[in-house]
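K.L.:
So that you have it, the file is entry-v2.cif, and it contains mmCIF, C-alpha atoms:
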data_start
loop_
_atom_site.label_atom_id
_atom_site.label_comp_id
_atom_site.auth_asym_id
_atom_site.auth_seq_id
_atom_site.Cartn_x
_atom_site.Cartn_y
_atom_site.Cartn_z
CA MET Q 1 -26.02 41.69 -147.43
CA ARG Q 2 -28.81 40.48 -145.15
CA ASP Q 3 -28.16 39.08 -141.70
CA ILE Q 4 -29.33 35.63 -140.64
CA GLU Q 5 -31.15 35.97 -137.32
CA PRO Q 6 -31.32 33.23 -134.69
CA VAL Q 7 -34.79 31.72 -134.35
CA GLN Q 8 -36.18 32.97 -131.06
CA ALA Q 9 -39.97 32.88 -131.23
CA ALA Q 10 -42.90 31.14 -132.92
CA GLN Q 11 -44.20 34.47 -134.25
CA GLN Q 12 -40.87 35.06 -136.00
CA LEU Q 13 -41.22 31.67 -137.72
CA ARG Q 14 -44.88 32.27 -138.57
CA GLN Q 15 -43.93 35.49 -140.36
CA ALA Q 16 -41.04 33.79 -142.15
CA PHE Q 17 -43.17 30.85 -143.27
CA GLY Q 18 -45.70 33.40 -144.58
CA CYS Q 19 -43.17 34.33 -147.27
CA PHE Q 20 -44.06 31.10 -149.06
CA PRO Q 21 -47.53 30.95 -150.65
CA SER Q 22 -49.59 27.82 -150.15
CA GLY Q 23 -52.88 26.41 -151.23
CA VAL Q 24 -55.53 25.72 -148.62
CA THR Q 25 -57.23 22.38 -148.14
CA ALA Q 26 -60.19 21.05 -146.23
CA LEU Q 27 -59.71 17.58 -144.74
CA CYS Q 28 -63.13 16.14 -143.92
CA ALA Q 29 -65.10 12.98 -143.19
CA TYR Q 30 -68.59 11.92 -142.20
CA ARG Q 31 -68.81 10.87 -138.55
CA ASP Q 32 -71.86 10.10 -136.40
CA GLY Q 33 -74.23 11.55 -139.00
CA GLU Q 34 -72.35 14.85 -139.40
CA PRO Q 35 -69.47 16.24 -141.42
CA VAL Q 36 -66.25 16.82 -139.46
CA GLY Q 37 -63.36 18.77 -140.90
CA LEU Q 38 -60.42 21.09 -140.57
CA ALA Q 39 -58.42 23.48 -142.75
CA ALA Q 40 -54.80 22.67 -143.56
CA SER Q 41 -52.42 24.84 -145.57
CA SER Q 42 -49.42 22.55 -145.07
CA PHE Q 43 -50.38 20.29 -147.98
CA THR Q 44 -48.07 18.91 -150.64
CA SER Q 45 -47.84 16.20 -153.26
CA VAL Q 46 -45.45 13.42 -152.25
CA SER Q 47 -45.44 10.58 -154.78
CA MET Q 48 -46.96 9.57 -158.11
CA ASP Q 49 -46.33 5.84 -157.60
CA PRO Q 50 -47.89 5.11 -155.22
CA PRO Q 51 -50.12 8.19 -155.30
CA LEU Q 52 -49.47 10.05 -152.02
CA VAL Q 53 -49.97 13.53 -150.59
CA SER Q 54 -49.24 14.87 -147.12
CA VAL Q 55 -50.74 17.32 -144.65
CA CYS Q 56 -49.32 18.48 -141.35
CA ILE Q 57 -51.62 18.47 -138.34
CA GLN Q 58 -50.88 20.32 -135.11
CA HIS Q 59 -50.72 18.11 -132.00
CA THR Q 60 -53.24 20.38 -130.27
CA SER Q 61 -55.95 19.77 -132.90
CA THR Q 62 -59.16 18.53 -131.34
CA THR Q 63 -60.58 17.63 -134.76
CA TRP Q 64 -57.78 15.37 -135.98
CA PRO Q 65 -58.53 12.59 -133.43
CA LYS Q 66 -62.08 12.47 -134.82
CA LEU Q 67 -60.84 12.27 -138.42
CA ARG Q 68 -57.96 9.87 -137.76
CA GLU Q 69 -60.33 7.00 -136.95
CA ARG Q 70 -62.29 7.28 -140.22
CA PRO Q 71 -61.56 4.76 -143.01
CA ARG Q 72 -61.69 7.46 -145.72
CA LEU Q 73 -60.95 11.18 -145.73
CA GLY Q 74 -61.94 13.75 -148.32
CA LEU Q 75 -59.33 16.35 -149.13
CA SER Q 76 -60.66 19.40 -150.99
CA VAL Q 77 -58.25 21.97 -152.43
CA LEU Q 78 -60.28 25.12 -151.85
CA ALA Q 79 -60.96 27.45 -154.75
CA GLU Q 80 -60.59 31.19 -155.10
CA GLY Q 81 -63.47 32.84 -153.25
CA GLN Q 82 -63.77 30.08 -150.62
CA ASP Q 83 -61.88 32.08 -147.99
CA GLU Q 84 -64.93 32.22 -145.68
CA ILE Q 85 -65.23 28.44 -145.83
CA CYS Q 86 -61.55 28.16 -144.93
CA ALA Q 87 -61.99 30.53 -141.99
CA ARG Q 88 -64.96 28.50 -140.71
CA LEU Q 89 -63.06 25.20 -141.00
CA ALA Q 90 -60.09 26.75 -139.19
CA SER Q 91 -62.23 28.09 -136.33
CA LYS Q 92 -62.14 26.57 -132.86
CA GLY Q 93 -65.89 26.49 -132.30
CA GLY Q 94 -69.33 26.75 -133.80
CA ASP Q 95 -70.76 24.88 -136.77
CA ARG Q 96 -67.86 24.68 -139.21
CA PHE Q 97 -70.17 23.53 -142.00
CA ALA Q 98 -72.83 26.26 -141.63
CA GLY Q 99 -73.48 27.63 -145.09
CA VAL Q 100 -71.01 25.21 -146.70
CA ASP Q 101 -72.20 23.06 -149.60
CA TRP Q 102 -70.62 19.64 -149.21
CA PHE Q 103 -70.91 16.13 -150.54
CA ALA Q 104 -70.33 12.82 -148.71
CA SER Q 105 -69.22 9.73 -150.62
CA ASP Q 106 -70.52 6.26 -149.82
CA ASP Q 107 -67.17 5.58 -148.07
CA GLY Q 108 -67.60 8.59 -145.75
CA SER Q 109 -65.24 11.07 -147.39
CA VAL Q 110 -66.63 14.61 -147.29
CA PHE Q 111 -65.81 17.10 -150.05
CA VAL Q 112 -66.44 20.86 -150.27
CA GLU Q 113 -68.51 21.76 -153.33
CA GLY Q 114 -66.82 24.24 -155.66
CA ALA Q 115 -63.28 23.17 -154.68
CA THR Q 116 -60.76 22.89 -157.49
CA LEU Q 117 -59.67 19.36 -156.52
CA TRP Q 118 -61.12 16.48 -154.53
CA LEU Q 119 -58.89 13.64 -153.34
CA ASP Q 120 -60.47 10.55 -151.77
CA CYS Q 121 -57.82 9.36 -149.29
CA THR Q 122 -56.81 6.76 -146.75
CA ILE Q 123 -54.22 7.32 -144.03
CA GLN Q 124 -50.97 5.55 -144.92
CA GLU Q 125 -48.74 6.76 -142.10
CA GLU Q 126 -48.38 9.40 -139.38
CA VAL Q 127 -44.92 10.70 -138.54
CA PRO Q 128 -44.49 12.82 -135.37
CA CYS Q 129 -42.36 15.89 -136.11
CA GLY Q 130 -42.00 18.69 -133.56
CA ASP Q 131 -45.38 20.16 -132.68
CA HIS Q 132 -47.11 18.55 -135.69
CA ASP Q 133 -47.65 15.14 -137.26
CA ILE Q 134 -46.93 14.63 -140.93
CA VAL Q 135 -49.83 12.57 -142.25
CA LEU Q 136 -49.23 10.64 -145.47
CA LEU Q 137 -52.46 10.07 -147.36
CA GLY Q 138 -52.92 7.47 -150.09
CA ILE Q 139 -55.06 8.74 -152.96
CA GLN Q 140 -57.84 6.29 -153.85
CA GLY Q 141 -59.68 8.55 -156.32
CA LEU Q 142 -59.87 12.15 -157.51
CA SER Q 143 -61.92 14.77 -159.28
CA ALA Q 144 -60.18 17.86 -160.68
CA VAL Q 145 -61.59 21.05 -162.18
CA LEU Q 146 -58.55 22.35 -164.05
CA ASP Q 147 -59.96 25.78 -164.97
CA THR Q 148 -60.80 26.76 -161.36
CA SER Q 149 -58.13 28.79 -159.56
CA PRO Q 150 -57.12 27.68 -156.07
CA LEU Q 151 -57.37 29.74 -152.92
CA VAL Q 152 -53.87 31.01 -152.05
CA PHE Q 153 -52.62 31.90 -148.57
CA HIS Q 154 -49.58 34.20 -148.41
CA GLY Q 155 -48.36 36.72 -145.85
CA SER Q 156 -51.16 35.81 -143.42
CA ARG Q 157 -53.93 36.64 -145.89
CA PHE Q 158 -55.79 35.18 -148.85
CA ARG Q 159 -54.63 36.13 -152.33
CA ARG Q 160 -55.47 35.45 -155.97
CA LEU Q 161 -53.29 34.03 -158.69
CA ALA Q 162 -52.54 36.35 -161.58
CA SER Q 163 -51.56 35.36 -165.11
CA ILE Q 164 -48.29 36.73 -166.41
#
Take the structure in this file and express it as structure tokens.
P.N.:
Amino acid sequence: MRDIEPVQAAQQLRQAFGCFPSGVTALCAYRDGEPVGLAASSFTSVSMDPPLVSVCIQHTSTTWPKLRERPRLGLSVLAEGQDEICARLASKGGDRFAGVDWFASDDGSVFVEGATLWLDCTIQEEVPCGDHDIVLLGIQGLSAVLDTSPLVFHGSRFRRLASI
């Protein structure tokens, strides 16, 4: 039988949470003539009626305050092979969109080209929880490419889906 250990450190939790695979998203908008965005792996579907998804944003994010004020946000579920794009969007500095093909809608949502899913979203609610905010996003429109595999993050590295 395995022992249950008391939670003592963030690194311990980070390793534990790495046991669960997740997709990786880019949350982006057009602001002051430029795309602004971040990578978020804490993404999940919430509701079909009304159509809602959620992402969790760390309180220390310097990008989220820039996105929060935008009327529309583009959420792109990154595709297999877009790990470099994810790394750039997760970085703390530099041009996050260097070498990234992207598209801006008339409403200011920014989408990453080649992603498996685009969701055109509005912020419905932000709920403070610990060191993150849970952000509920209302889905206003979508574009899905069903035969494109998503980028998967598991065990602190990118992985591929395999058919069984």
K.L.:
Apply the PyMOL selection byres ((chain Q and resi 19-22) around 12) to the displayed file and report the matching residues as number ranges by chain.
P.N.:
Q: 12-18, 23-25, 40-44, 55, 77-78, 150-161
K.L.:
Counting only C-alpha atoms, which residues have an atom no more than 12 Å from (-56.7, 19.8, -144.8) in the file's coordinates? Please list them as a PyMOL selection string.
P.N.:
chain Q and resi 22-29+36-44+53-58+61+63-64+67+73-78+86+89-90+110-112+118-119+121+134-137
K.L.:
One decimal, Å: what's the distance from atom CA of Asp120 of chain Q over to atom CA of Thr62 of chain Q, could you say?
P.N.:
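So the two atoms, atom CA of Asp120 of chain Q and atom CA of Thr62 of chain Q, lie 22.0 Å apart.
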K.L.:
So what do you get for atom CA of Asp107 of chain Q versus atom CA of Leu52 of chain Q, distance-wise?
P.N.:
18.7 Å
K.L.:
So, counting all atoms listed in the file, which residue among Q:Gly99, Q:Pro35, Q:Pro51, Q:Gly130 is closest to Lys66 of chain Q?
P.N.:
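The closest residue to Lys66 of chain Q is Q:Pro35.
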K.L.:
Between atom CA of His59 of chain Q and atom CA of Gly141 of chain Q, what is the distance, to one decimal in Å?
P.N.:
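Going from atom CA of His59 of chain Q over to atom CA of Gly141 of chain Q covers 27.6 Å.
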K.L.:
Taking all atoms listed in the file into account, name the residue in Q:Ser47, Q:Thr60, Q:Thr122, Q:Thr148 that is nearest to Gly81 of chain Q.
P.N.:
Q:Thr148
K.L.:
What residues come out when you apply the PyMOL selection byres ((chain Q and resi 145) around 9) to this file, written as a ChimeraX atom specification?
P.N.:
/Q:114-118,143-144,146-149
K.L.:
Considering all atoms listed in the file, state which residue in the set Q:Ser109, Q:Ile139, Q:Glu34, Q:Ala98 is at the smallest distance from Val46 of chain Q.
P.N.:
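Of Q:Ser109, Q:Ile139, Q:Glu34, Q:Ala98, the one nearest Val46 of chain Q is Q:Ile139, counting all atoms listed in the file.
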